[in-house]
Each structure stands twice: as structure tokens, then as C-alpha cells.
$ cat upload24.cif   # mmCIF, C-alpha atoms and all ligand atoms
data_coords
#
loop_
_atom_site.label_atom_id
_atom_site.label_comp_id
_atom_site.auth_asym_id
_atom_site.auth_seq_id
_atom_site.Cartn_x
_atom_site.Cartn_y
_atom_site.Cartn_z
CA MET A 665 105.02 41.03 34.83
CA LEU A 666 104.83 37.34 34.25
CA ASN A 667 104.06 35.71 37.56
CA ILE A 668 103.61 31.96 37.37
CA HIS A 669 103.17 30.20 40.70
CA ALA A 670 106.38 28.17 41.05
CA GLU A 671 104.86 25.77 43.62
CA SER A 672 102.05 24.89 41.20
CA VAL A 673 104.53 24.23 38.42
CA ALA A 674 106.59 22.03 40.77
CA GLU A 675 103.44 20.06 41.53
CA LEU A 676 102.70 19.79 37.82
CA VAL A 677 106.21 18.50 37.13
CA ARG A 678 105.78 15.83 39.83
CA THR A 679 102.44 14.79 38.36
CA VAL A 680 103.97 14.42 34.91
CA GLU A 681 106.97 12.50 36.25
CA ASN A 682 104.76 10.06 38.17
CA GLY A 683 102.07 9.59 35.51
CA ARG A 684 102.03 7.18 32.59
CA LYS A 685 98.71 7.65 30.79
CA PHE A 686 97.59 11.18 29.98
CA CYS A 687 94.53 12.56 28.29
CA ILE A 688 94.47 16.15 27.00
CA VAL A 689 91.21 17.96 26.29
CA GLY A 690 90.13 21.35 24.90
CA HIS A 691 86.88 23.27 24.43
CA THR A 692 84.03 22.90 21.93
CA SER A 693 84.69 24.42 18.49
CA PRO A 694 88.40 24.22 19.20
CA ASP A 695 90.40 27.18 17.92
CA GLY A 696 94.12 27.61 17.27
CA ASP A 697 94.88 28.20 20.94
CA ALA A 698 93.02 25.08 22.10
CA VAL A 699 94.39 22.79 19.38
CA GLY A 700 97.86 24.33 19.65
CA ALA A 701 98.03 23.85 23.41
CA CYS A 702 96.75 20.26 23.22
CA VAL A 703 99.23 19.28 20.49
CA ALA A 704 102.10 21.03 22.26
CA MET A 705 101.33 19.16 25.47
CA ARG A 706 100.94 15.81 23.71
CA GLU A 707 104.27 16.10 21.90
CA PHE A 708 105.99 17.26 25.07
CA LEU A 709 104.62 14.31 27.09
CA ARG A 710 105.57 11.88 24.32
CA SER A 711 109.10 13.24 24.31
CA LEU A 712 109.25 12.18 27.97
CA GLY A 713 108.12 8.67 27.01
CA LYS A 714 104.55 9.10 28.25
CA GLU A 715 101.33 7.92 26.64
CA ALA A 716 99.19 10.91 25.66
CA VAL A 717 95.91 11.17 23.77
CA ILE A 718 94.00 14.30 22.74
CA VAL A 719 90.20 14.36 22.87
CA LEU A 720 88.28 17.36 21.53
CA PRO A 721 84.49 17.77 21.75
CA ASN A 722 84.12 18.32 17.99
CA ARG A 723 85.96 19.15 14.76
CA PHE A 724 88.66 21.77 14.48
CA PRO A 725 89.26 24.03 11.43
CA ALA A 726 91.15 22.68 8.42
CA PHE A 727 93.88 25.33 8.69
CA LEU A 728 95.09 23.60 11.87
CA ARG A 729 95.23 20.10 10.41
CA HIS A 730 99.02 20.12 9.99
CA LEU A 731 99.33 20.22 13.79
CA ASP A 732 97.98 16.66 13.89
CA PRO A 733 99.98 15.04 11.08
CA GLU A 734 99.00 11.49 12.07
CA GLY A 735 95.33 12.46 12.39
CA THR A 736 95.07 10.82 15.82
CA ILE A 737 93.09 13.50 17.68
CA LEU A 738 89.83 11.89 18.87
CA LEU A 739 86.55 13.77 18.43
CA TYR A 740 84.00 13.11 21.15
CA ASP A 741 80.92 13.82 19.02
CA ALA A 742 82.06 11.47 16.25
CA ASP A 743 83.39 8.58 18.35
CA LYS A 744 82.02 8.68 21.90
CA GLU A 745 83.22 5.18 22.73
CA ARG A 746 86.87 5.58 21.95
CA ALA A 747 86.95 9.16 23.18
CA GLY A 748 85.16 8.15 26.39
CA ARG A 749 87.62 5.30 26.97
CA ALA A 750 90.57 7.67 26.47
CA ILE A 751 89.11 9.97 29.11
CA SER A 752 88.13 7.33 31.66
CA GLY A 753 91.34 5.31 31.16
CA SER A 754 93.77 8.13 31.87
CA GLN A 755 95.53 8.86 35.16
CA VAL A 756 95.94 12.55 34.45
CA LEU A 757 93.57 14.82 32.56
CA PHE A 758 94.95 18.07 31.14
CA CYS A 759 92.20 20.63 30.53
CA LEU A 760 93.50 23.35 28.26
CA ASP A 761 92.07 26.72 27.14
CA PHE A 762 88.74 26.59 28.97
CA ASN A 763 87.68 27.57 32.46
CA SER A 764 84.79 25.21 33.20
CA PHE A 765 83.66 21.77 32.01
CA SER A 766 80.50 23.33 30.59
CA ARG A 767 82.67 24.72 27.76
CA THR A 768 83.01 21.14 26.47
CA ASP A 769 79.23 20.59 26.13
CA GLU A 770 78.42 16.89 25.64
CA MET A 771 81.84 15.86 26.89
CA ALA A 772 81.41 17.57 30.28
CA ASP A 773 79.80 14.58 32.05
CA ALA A 774 82.62 12.25 31.01
CA LEU A 775 85.22 14.73 32.27
CA GLU A 776 83.47 15.26 35.57
CA ALA A 777 83.05 11.52 36.11
CA SER A 778 86.70 10.78 35.37
CA LYS A 779 88.77 9.63 38.37
CA ALA A 780 91.91 11.12 36.85
CA ARG A 781 93.87 13.92 38.43
CA LYS A 782 92.49 17.01 36.71
CA ILE A 783 94.79 19.86 35.80
CA LEU A 784 93.61 23.14 34.32
CA ILE A 785 95.91 25.39 32.29
CA ASP A 786 93.99 28.40 30.99
CA HIS A 787 93.78 32.17 30.50
CA HIS A 788 90.04 32.90 30.86
CA ILE A 789 88.47 34.95 33.63
CA GLY A 790 86.88 33.00 36.50
CA PRO A 791 88.26 29.45 36.39
CA ASP A 792 85.99 26.93 38.10
CA VAL A 793 88.76 25.92 40.53
CA ARG A 794 86.57 23.44 42.45
CA SER A 795 86.43 21.13 39.43
CA PHE A 796 90.21 20.75 39.24
CA ASP A 797 92.94 19.24 41.42
CA LEU A 798 95.43 21.81 40.21
CA THR A 799 94.74 25.13 38.48
CA LEU A 800 97.30 27.16 36.56
CA SER A 801 95.34 30.19 35.40
CA MET A 802 96.45 33.67 34.34
CA THR A 803 94.46 36.32 32.52
CA ASP A 804 97.14 38.91 31.83
CA ILE A 805 98.71 36.78 29.13
CA SER A 806 97.99 36.41 25.42
CA SER A 807 96.84 32.83 25.27
CA THR A 808 96.86 29.40 26.83
CA CYS A 809 99.68 28.54 24.45
CA GLU A 810 101.78 31.35 25.89
CA LEU A 811 101.06 30.25 29.44
CA LEU A 812 101.91 26.65 28.56
CA TYR A 813 105.11 27.84 26.90
CA HIS A 814 106.35 29.55 30.07
CA ILE A 815 105.32 26.53 32.15
CA LEU A 816 107.07 23.98 29.91
CA LYS A 817 110.21 26.10 30.01
CA MET A 818 110.23 25.56 33.78
CA PHE A 819 110.43 21.76 33.42
CA PRO A 820 113.83 20.42 34.53
CA ASN A 821 114.57 18.79 31.16
CA VAL A 822 114.00 22.13 29.38
CA GLY A 823 115.67 24.34 31.97
CA GLY A 824 114.58 27.60 30.34
CA ASN A 825 116.00 26.67 26.93
CA ALA A 826 113.23 26.86 24.32
CA SER A 827 115.33 25.01 21.76
CA LEU A 828 114.98 21.88 23.92
CA LEU A 829 111.22 21.76 23.31
CA PRO A 830 110.11 19.20 20.69
CA PRO A 831 109.82 21.02 17.30
CA LEU A 832 106.08 20.34 17.00
CA THR A 833 105.52 21.64 20.54
CA ALA A 834 107.31 24.87 19.60
CA GLU A 835 105.35 25.25 16.36
CA ALA A 836 101.99 24.47 18.00
CA LEU A 837 102.61 26.99 20.79
CA PHE A 838 103.60 29.69 18.31
CA THR A 839 100.49 28.88 16.26
CA GLY A 840 98.04 29.18 19.18
CA MET A 841 99.59 32.42 20.39
CA THR A 842 99.43 33.81 16.84
CA THR A 843 95.76 32.96 16.27
CA ASP A 844 94.63 34.08 19.76
CA THR A 845 96.32 37.47 19.34
CA ASN A 846 95.09 37.74 15.75
CA ASN A 847 98.73 37.77 14.65
CA PHE A 848 100.00 40.16 17.36
CA ALA A 849 97.07 42.57 17.15
CA ASN A 850 95.36 41.98 20.55
CA SER A 851 96.25 40.91 24.10
CA VAL A 852 99.97 41.13 23.49
CA TYR A 853 102.23 41.48 26.56
CA PRO A 854 106.00 41.86 26.94
CA SER A 855 106.11 38.15 27.78
CA THR A 856 104.39 37.41 24.44
CA PHE A 857 107.22 39.02 22.49
CA SER A 858 109.78 37.16 24.63
CA MET A 859 108.08 33.91 23.73
CA ALA A 860 108.00 34.82 20.03
CA SER A 861 111.63 35.87 20.04
CA GLU A 862 112.81 32.73 21.82
CA LEU A 863 110.77 30.40 19.62
CA LEU A 864 112.04 32.07 16.45
CA ALA A 865 115.58 31.66 17.72
CA ALA A 866 114.76 28.01 18.48
CA GLY A 867 113.91 27.47 14.81
CA VAL A 868 110.15 27.91 14.39
CA ASP A 869 109.50 28.77 10.74
CA ARG A 870 107.03 31.65 11.15
CA THR A 871 106.76 32.39 7.42
CA ALA A 872 105.64 28.83 6.67
CA MET A 873 103.30 28.91 9.67
CA LEU A 874 101.64 32.17 8.57
CA CYS A 875 101.19 30.78 5.07
CA ARG A 876 99.47 27.67 6.45
CA LEU A 877 97.27 29.73 8.75
CA TYR A 878 96.26 32.57 6.49
CA ASN A 879 96.93 31.74 2.81
CA GLN A 880 95.36 28.34 2.24
CA PHE A 881 91.64 29.12 2.04
CA SER A 882 89.07 28.60 -0.70
CA GLU A 883 87.97 31.35 -3.07
CA GLY A 884 84.43 31.05 -1.68
CA ARG A 885 85.63 31.93 1.81
CA LEU A 886 87.14 35.26 0.71
CA ARG A 887 84.05 36.10 -1.37
CA LEU A 888 81.86 35.27 1.64
CA ILE A 889 83.87 37.70 3.78
CA GLY A 890 83.37 40.29 1.02
CA GLU A 891 79.62 39.66 1.03
CA LEU A 892 79.42 39.92 4.82
CA LEU A 893 81.26 43.24 4.93
CA ARG A 894 79.69 44.72 1.79
CA ASN A 895 76.06 43.73 2.24
CA ARG A 896 75.42 42.12 5.61
CA MET A 897 77.13 44.34 8.16
CA LYS A 898 74.51 46.44 9.98
CA ILE A 899 75.23 49.18 12.51
CA VAL A 900 72.85 50.04 15.35
CA ASP A 901 73.00 53.65 16.61
CA GLY A 902 76.26 54.14 14.72
CA LYS A 903 78.16 52.22 17.41
CA PHE A 904 77.12 48.58 17.51
CA SER A 905 77.77 46.42 14.50
CA TYR A 906 76.36 42.98 13.75
CA MET A 907 76.51 40.50 10.89
CA MET A 908 74.46 37.38 10.38
CA LEU A 909 75.65 34.21 8.65
CA PRO A 910 72.58 32.03 8.12
CA PHE A 911 72.62 28.52 6.58
CA GLY A 912 71.56 29.88 3.16
CA LEU A 913 74.66 32.06 2.90
CA GLN A 914 76.89 29.28 4.27
CA HIS A 915 75.73 26.89 1.55
CA GLU A 916 75.99 29.48 -1.21
CA TYR A 917 79.69 30.10 -0.50
CA GLY A 918 80.71 26.55 0.56
CA TYR A 919 81.36 27.72 4.12
CA SER A 920 83.18 25.49 6.56
CA LYS A 921 83.99 26.08 10.23
CA GLY A 922 86.76 28.59 10.84
CA ASP A 923 86.29 30.24 7.41
CA VAL A 924 85.26 33.63 8.74
CA GLU A 925 87.67 33.60 11.68
CA GLY A 926 88.72 37.20 12.28
CA VAL A 927 85.98 38.87 10.24
CA VAL A 928 84.17 39.89 13.44
CA ASN A 929 87.10 42.21 14.22
CA ARG A 930 86.73 44.19 11.00
CA PRO A 931 83.78 46.47 11.92
CA LEU A 932 85.89 47.78 14.84
CA GLU A 933 88.02 49.49 12.18
CA ILE A 934 85.15 52.00 11.87
CA LYS A 935 85.90 54.98 14.10
CA ASP A 936 82.67 55.06 16.11
CA VAL A 937 81.99 51.33 16.30
CA LEU A 938 82.48 50.04 19.87
CA ILE A 939 81.09 46.51 19.68
CA SER A 940 80.99 44.01 16.82
CA VAL A 941 78.99 40.79 16.83
CA LEU A 942 78.77 37.91 14.38
CA PHE A 943 75.82 35.51 14.54
CA THR A 944 76.48 32.18 12.81
CA GLU A 945 73.61 29.72 12.39
CA ASP A 946 74.49 26.24 13.68
CA LYS A 947 72.51 22.99 14.02
CA ASP A 948 70.41 23.68 17.12
CA PHE A 949 71.58 27.16 18.06
CA VAL A 950 73.18 30.36 16.87
CA ARG A 951 76.86 30.86 17.64
CA VAL A 952 77.67 34.35 18.87
CA SER A 953 81.10 35.93 18.48
CA ILE A 954 81.76 39.34 20.04
CA ARG A 955 84.62 41.86 19.91
CA SER A 956 85.03 45.35 21.34
CA LYS A 957 87.22 48.44 21.44
CA PRO A 958 89.75 48.32 24.34
CA ASP A 959 87.75 50.09 27.08
CA VAL A 960 84.45 48.33 26.36
CA ASP A 961 83.82 45.11 28.30
CA VAL A 962 81.99 42.46 26.29
CA ASN A 963 82.59 39.61 28.73
CA ALA A 964 79.74 40.97 30.85
CA PHE A 965 77.65 41.56 27.71
CA ALA A 966 78.13 37.93 26.59
CA ARG A 967 77.23 36.59 30.03
CA LYS A 968 74.12 38.66 30.39
CA TYR A 969 72.56 38.32 26.93
CA PHE A 970 74.24 35.44 25.09
CA ASN A 971 74.70 32.59 27.61
CA GLY A 972 78.44 32.90 27.29
CA GLY A 973 81.47 34.80 28.46
CA GLY A 974 85.13 35.13 27.55
CA HIS A 975 87.55 38.00 27.80
CA LYS A 976 87.06 41.74 28.14
CA ASN A 977 87.46 42.44 24.41
CA ALA A 978 86.72 39.01 22.88
CA ALA A 979 83.79 36.97 24.05
CA GLY A 980 81.17 34.61 22.73
CA GLY A 981 78.14 32.57 23.52
CA ARG A 982 75.10 30.99 21.96
CA LEU A 983 71.42 31.69 21.45
CA GLU A 984 68.54 29.33 20.88
CA MET A 985 66.63 31.71 18.69
CA ASP A 986 65.33 31.92 15.14
CA MET A 987 67.77 33.93 12.98
CA GLY A 988 64.85 36.19 12.06
CA MET A 989 64.50 37.37 15.67
CA ILE A 990 68.13 38.37 16.04
CA PRO A 991 68.16 41.94 14.68
CA GLU A 992 65.52 42.99 17.18
CA TYR A 993 67.07 41.04 20.07
CA PHE A 994 70.52 42.46 19.34
CA ALA A 995 69.33 46.07 19.10
CA ALA A 996 67.36 45.81 22.37
CA SER A 997 70.10 44.04 24.33
CA VAL A 998 72.97 46.23 23.14
CA ARG A 999 71.00 49.41 23.89
CA GLU A 1000 70.17 48.17 27.38
CA TYR A 1001 73.77 47.14 27.99
CA ALA A 1002 75.11 50.42 26.62
CA MET A 1003 72.89 52.37 29.02
CA GLN A 1004 74.07 50.35 32.01
CA ALA A 1005 77.72 50.47 30.99
CA HIS A 1006 77.42 54.19 30.10
CA LEU A 1007 78.51 53.71 26.51
CA LEU A 1008 75.93 56.12 25.07
P1 LIG B 1 85.30 33.40 19.35
O1 LIG B 1 84.55 34.63 19.00
O2 LIG B 1 86.69 33.45 18.81
O3 LIG B 1 84.55 32.16 19.03
O4 LIG B 1 85.43 33.40 20.92
C1 LIG B 1 86.12 34.42 21.58
C2 LIG B 1 86.22 34.08 23.05
O5 LIG B 1 84.92 34.06 23.59
C3 LIG B 1 86.77 32.68 23.32
O6 LIG B 1 88.15 32.75 23.53
C4 LIG B 1 86.07 32.29 24.58
O7 LIG B 1 86.76 32.82 25.66
C5 LIG B 1 84.77 33.03 24.53
N1 LIG B 1 83.62 32.21 24.14
C6 LIG B 1 83.20 31.90 22.90
N2 LIG B 1 82.08 31.16 22.93
C7 LIG B 1 81.76 31.00 24.23
C8 LIG B 1 80.70 30.34 24.93
O8 LIG B 1 79.79 29.74 24.34
N3 LIG B 1 80.73 30.41 26.30
C9 LIG B 1 81.70 31.08 26.98
N4 LIG B 1 81.65 31.10 28.30
N5 LIG B 1 82.70 31.71 26.35
C10 LIG B 1 82.75 31.68 25.01
MN MN B 2 92.55 30.93 24.15
#

$ encode --input "upload24.cif" --output "C-alpha cells"
Amino acid sequence: MLNIHAESVAELVRTVENGRKFCIVGHTSPDGDAVGACVAMREFLRSLGKEAVIVLPNRFPAFLRHLDPEGTILLYDADKERAGRAISGSQVLFCLDFNSFSRTDEMADALEASKARKILIDHHIGPDVRSFDLTLSMTDISSTCELLYHILKMFPNVGGNASLLPPLTAEALFTGMTTDTNNFANSVYPSTFSMASELLAAGVDRTAMLCRLYNQFSEGRLRLIGELLRNRMKIVDGKFSYMMLPFGLQHEYGYSKGDVEGVVNRPLEIKDVLISVLFTEDKDFVRVSIRSKPDVDVNAFARKYFNGGGHKNAAGGRLEMDMGMIPEYFAASVREYAMQAHLL
């Protein structure tokens, strides 16, 4: 059952009513849920006549670009001065879709140093409540976008009527919920379908949204996914799958961030596979993306072996390791974890 703390929402409403300058931030490598929540919040605040700026730690995938039609989202890594000023000059800082400042990497110091009132809205396990003045966190919900949807509905000017949300807010919320659930495949609750139903009735064009999200990629991206599944997917002990995406392969297929979104789920289609991991080579580290079958917890796996965390069935992290070392490291760590978690 959806159980949002009414007192916290009342406090949030007062903060919005009394504030003038807002800054909205999301996590590093922003995904649909992070970008969707930030855009939804910005458009909602603007509709109330407030000043609102979004700052993200780094670039977001091209398939989300339509959510920022004016192209005014600031990227901290590309423009530290302007992004830093937006953070330090705001009265209220909305932190969306992450549970601790460390998830914003380089931007974390600026966020911590900010004198603004800090508000967290998120759906990850273990929010770092001490860093925030107000925390609205739930884990039994599909996404931050869904949580934000139910919260915005409680604002007096919306009064439970989704059709009173600004159109871009509605679209952005639907987008983030769709990408975080992998289009209604995972982490879907009764409240998620209520949200979807109400937003469709309010006029969100889901067909157009799905086309923008899933049918606008390059040919190279689909061939890369083919290559990964055909030739790169390895399976340890018949149960633990991994794929590696090194720079060489990225260049060969014209890879850009977000291109292989979702591919890490595919090995779970194999009957006996319990855990699937994708290792993507990045500038100074290897990005780790992990998925599991429903009763296998990979949040603990990500924390213990990959300097990360996340949700029970979708987690991630990073390694500072040569790509060549990964097969051995993965096999050893997953076997150790499987023993402890009694998966073997
Ligand atoms: P993805 O595989 O889609 O990149 O990430 C799945 C989930 O894992 C995210 O929603 C997030 O909760 C978590 N996650 C990904 N990368 C990291 C990381 O570096 N640190 C932590 N703590 N969580 C991560
Ligand atoms: Mn999310």
C-alpha cells in the first residue's frame, strides 16, 4: 500500500511556497528516472512561478533529450562555474533519485557545502538522512518518478487531479517510471498502474513516448547488442552471466552512453541464470551493471565486490581494474557470494 508521510509532504509544500530560487540535482550517469524526475520538478516549480535550474553531474543519454527541449540542463563536469553558481545560489536544493551525495561524484562537495535547504526524494535503500533537511524516501515503489508523481498530486493546486500537472511534468514522470521498470517489467506495484492509468487519462501520449525511448537508435547500437549476446556473453557455473564492453568494441560500433541500456537483463531469460553483470570500460574505471532473478539479492553483491549498491534486483557500481582482470575477479567474487548467500 502506498504510504507517503503526509506531514513530510506538508512541509515540502510549505518549502516550495516560501522559496523563490530552486536547484534540482540528480545522480552521475543520469538515467530516465533521474532526468525524468528533475524535469518534472522543474516544470512543476516553473508553473508556480518559481525559478528552477537543473544541474546533473554529467551527460544524459540522447533518447532523453526531448525532455529538455530548451537544452538548459547544466552539466557539472562540463561547466563547473555555472553549475556551481546554480547550486550555491539556490535557497532550496532538490536531490532526486539518489540516496547519498557520493552518488554525484565530483559534484558532492558543492552539494554538501551548499547552505540551501536540502530535500531528498528517492526510492533507493538506505538514504543518508543526516545529509538532508527533509527526506521523502520509499523503496516499495517503482521509481523516483512514481514517488514524485504521488507527492505532486498532494499539492493543493493539483488536489489529486493529474490533469492539472504541467504536460511536460506528466510526460517526464511517465518516462522515468517506464525506463526504471523496463517498460512495466520490474518493480511494478498497484500504485504504478494507478499512476499510468491516471497519466494516460490526463493526456500523456504513451505511443509517441515509447517510440522516442525505444525506436530512435543507430544501426550500430543494435548490432553491438547482437555482438554482445552472440559472442561476448559468458556464463560461470551455468548460473552467473557476464559481458564485457571494452573501448575497442565501443569504438567499432560507434557506442554512446545509454546505447546498451537493458541488455544486461537479457541473460536472465536463460532458465538457470541467476545473476547477470555488464562491465563497461569508462575513462578511469569500469562501470558495473548488475541484475538478478527475483529472490537473489544483488544489492549486497554490489556493495561487497563492486563499490556500489542499488536495489535488490538491479544494482551497480564501479571497479578500478584492468578489463583483462575482470573474468577472474568476477568468477571468484560471484562464487564466494553464491556460497555465502546459498545460491549454489
Ligand atoms: P544501472 O545498471 O541501470 O546503471 O543501475 C542500476 C541501479 O544500480 C541504479 O538504479 C542504482 O540504484 C544502482 N547503481 C548503479 N551504479 C551505482 C554505483 O556506482 N553506486 C551505487 N551505490 N549504486 C549504483
Ligand atoms: Mn531510479

$ residues_near_ligand --input "upload24.cif" --ligand "ligand LIG 1 (chain B)" --cutoff "7 Å" --atoms "only C-alpha atoms and all ligand atoms" --output "PyMOL selection string"
chain A and resi 767+788+952-954+971-975+978-982

$ residues_near_ligand --input "upload24.cif" --ligand "ligand MN 2 (chain B)" --cutoff "7 Å" --atoms "only C-alpha atoms and all ligand atoms" --output "list in words"
Asp697, Ala698, Asp761, His787, Ser807, Thr808 and Asp844 of chain A

$ write_last_selection --input "upload24.cif" --atoms "C-alpha atoms" --output "compact mmCIF listing (two decimals), in the frame of the given file"
# COMPACT_ATOMS: atom_id res chain seq x y z
CA ASP A 697 94.88 28.20 20.94
CA ALA A 698 93.02 25.08 22.10
CA ASP A 761 92.07 26.72 27.14
CA HIS A 787 93.78 32.17 30.50
CA SER A 807 96.84 32.83 25.27
CA THR A 808 96.86 29.40 26.83
CA ASP A 844 94.63 34.08 19.76

$ atom_distance --input "upload24.cif" --atom1 "CA of Leu1007 in chain A" --atom2 "CA of Met908 in chain A"
23.3 Å

$ residues_around --input "upload24.cif" --residues "Leu811 in chain A" --least-positions-apart "5" --cutoff "10 Å" --atoms "all atoms listed in the file" --output "list of chain:residue names"
A:Leu666, A:Ile668, A:Ala701, A:Asp761, A:Ile785, A:Asp786, A:His787, A:Leu800, A:Ser801, A:Met802, A:Thr803, A:Asp804, A:Ile805, A:Ser806, A:Leu816, A:Leu837, A:Met841, A:Ser855, A:Thr856, A:Met859

$ residues_around --input "upload24.cif" --residues "range 702-712 of chain A" --least-positions-apart "3" --cutoff "6 Å" --atoms "all atoms listed in the file" --output "list of chain:residue names"
A:Val699, A:Ala716, A:Thr833, A:Ala836

$ closest_residue --input "upload24.cif" --among "A:Thr768, A:Asn682, A:Asn850, A:Asn667" --to "Gln755 in chain A" --atoms "only C-alpha atoms"
A:Asn682

$ residues_around --input "upload24.cif" --residues "Ser672 in chain A" --least-positions-apart "6" --cutoff "10 Å" --atoms "all atoms listed in the file" --output "MDAnalysis selection string"
chainID A and resid 678 798:800 815

$ atom_distance --input "upload24.cif" --atom1 "CA of Glu715 in chain A" --atom2 "CA of Ile737 in chain A"
13.4 Å

$ residues_around --input "upload24.cif" --residues "Ala774 in chain A" --least-positions-apart "2" --cutoff "12 Å" --atoms "all atoms listed in the file" --output "PyMOL selection string"
chain A and resi 689+719+721+740+744-745+747-754+757+765-766+768-772+776-780

$ residues_around --input "upload24.cif" --residues "Phe758 in chain A" --least-positions-apart "6" --cutoff "8 Å" --atoms "all atoms listed in the file" --output "compact mmCIF listing (two decimals) with C-alpha atoms, in the coordinates of the input"
# COMPACT_ATOMS: atom_id res chain seq x y z
CA PHE A 686 97.59 11.18 29.98
CA CYS A 687 94.53 12.56 28.29
CA ILE A 688 94.47 16.15 27.00
CA VAL A 689 91.21 17.96 26.29
CA LYS A 782 92.49 17.01 36.71
CA ILE A 783 94.79 19.86 35.80
CA LEU A 784 93.61 23.14 34.32
CA ILE A 785 95.91 25.39 32.29

$ decode --input "upload24.cif" --residues "range 719-736 of chain A" --atoms "C-alpha atoms" --output "mmCIF file, in the first residue's frame"
data_model
loop_
_atom_site.group_PDB
_atom_site.id
_atom_site.type_symbol
_atom_site.label_atom_id
_atom_site.label_comp_id
_atom_site.auth_asym_id
_atom_site.auth_seq_id
_atom_site.Cartn_x
_atom_site.Cartn_y
_atom_site.Cartn_z
ATOM 1 C CA VAL A 719 22.254 20.501 -12.571
ATOM 2 C CA LEU A 720 23.420 16.983 -13.426
ATOM 3 C CA PRO A 721 26.936 15.646 -12.752
ATOM 4 C CA ASN A 722 27.465 14.605 -16.390
ATOM 5 C CA ARG A 723 25.734 13.905 -19.714
ATOM 6 C CA PHE A 724 22.475 12.041 -20.054
ATOM 7 C CA PRO A 725 21.557 9.674 -22.944
ATOM 8 C CA ALA A 726 20.341 11.108 -26.250
ATOM 9 C CA PHE A 727 16.998 9.294 -26.047
ATOM 10 C CA LEU A 728 16.025 11.617 -23.178
ATOM 11 C CA ARG A 729 16.941 14.855 -24.952
ATOM 12 C CA HIS A 730 13.326 15.743 -25.782
ATOM 13 C CA LEU A 731 12.687 16.159 -22.039
ATOM 14 C CA ASP A 732 14.914 19.250 -22.109
ATOM 15 C CA PRO A 733 13.649 20.990 -25.250
ATOM 16 C CA GLU A 734 15.452 24.266 -24.475
ATOM 17 C CA GLY A 735 18.692 22.436 -23.673
ATOM 18 C CA THR A 736 19.092 24.340 -20.396
#
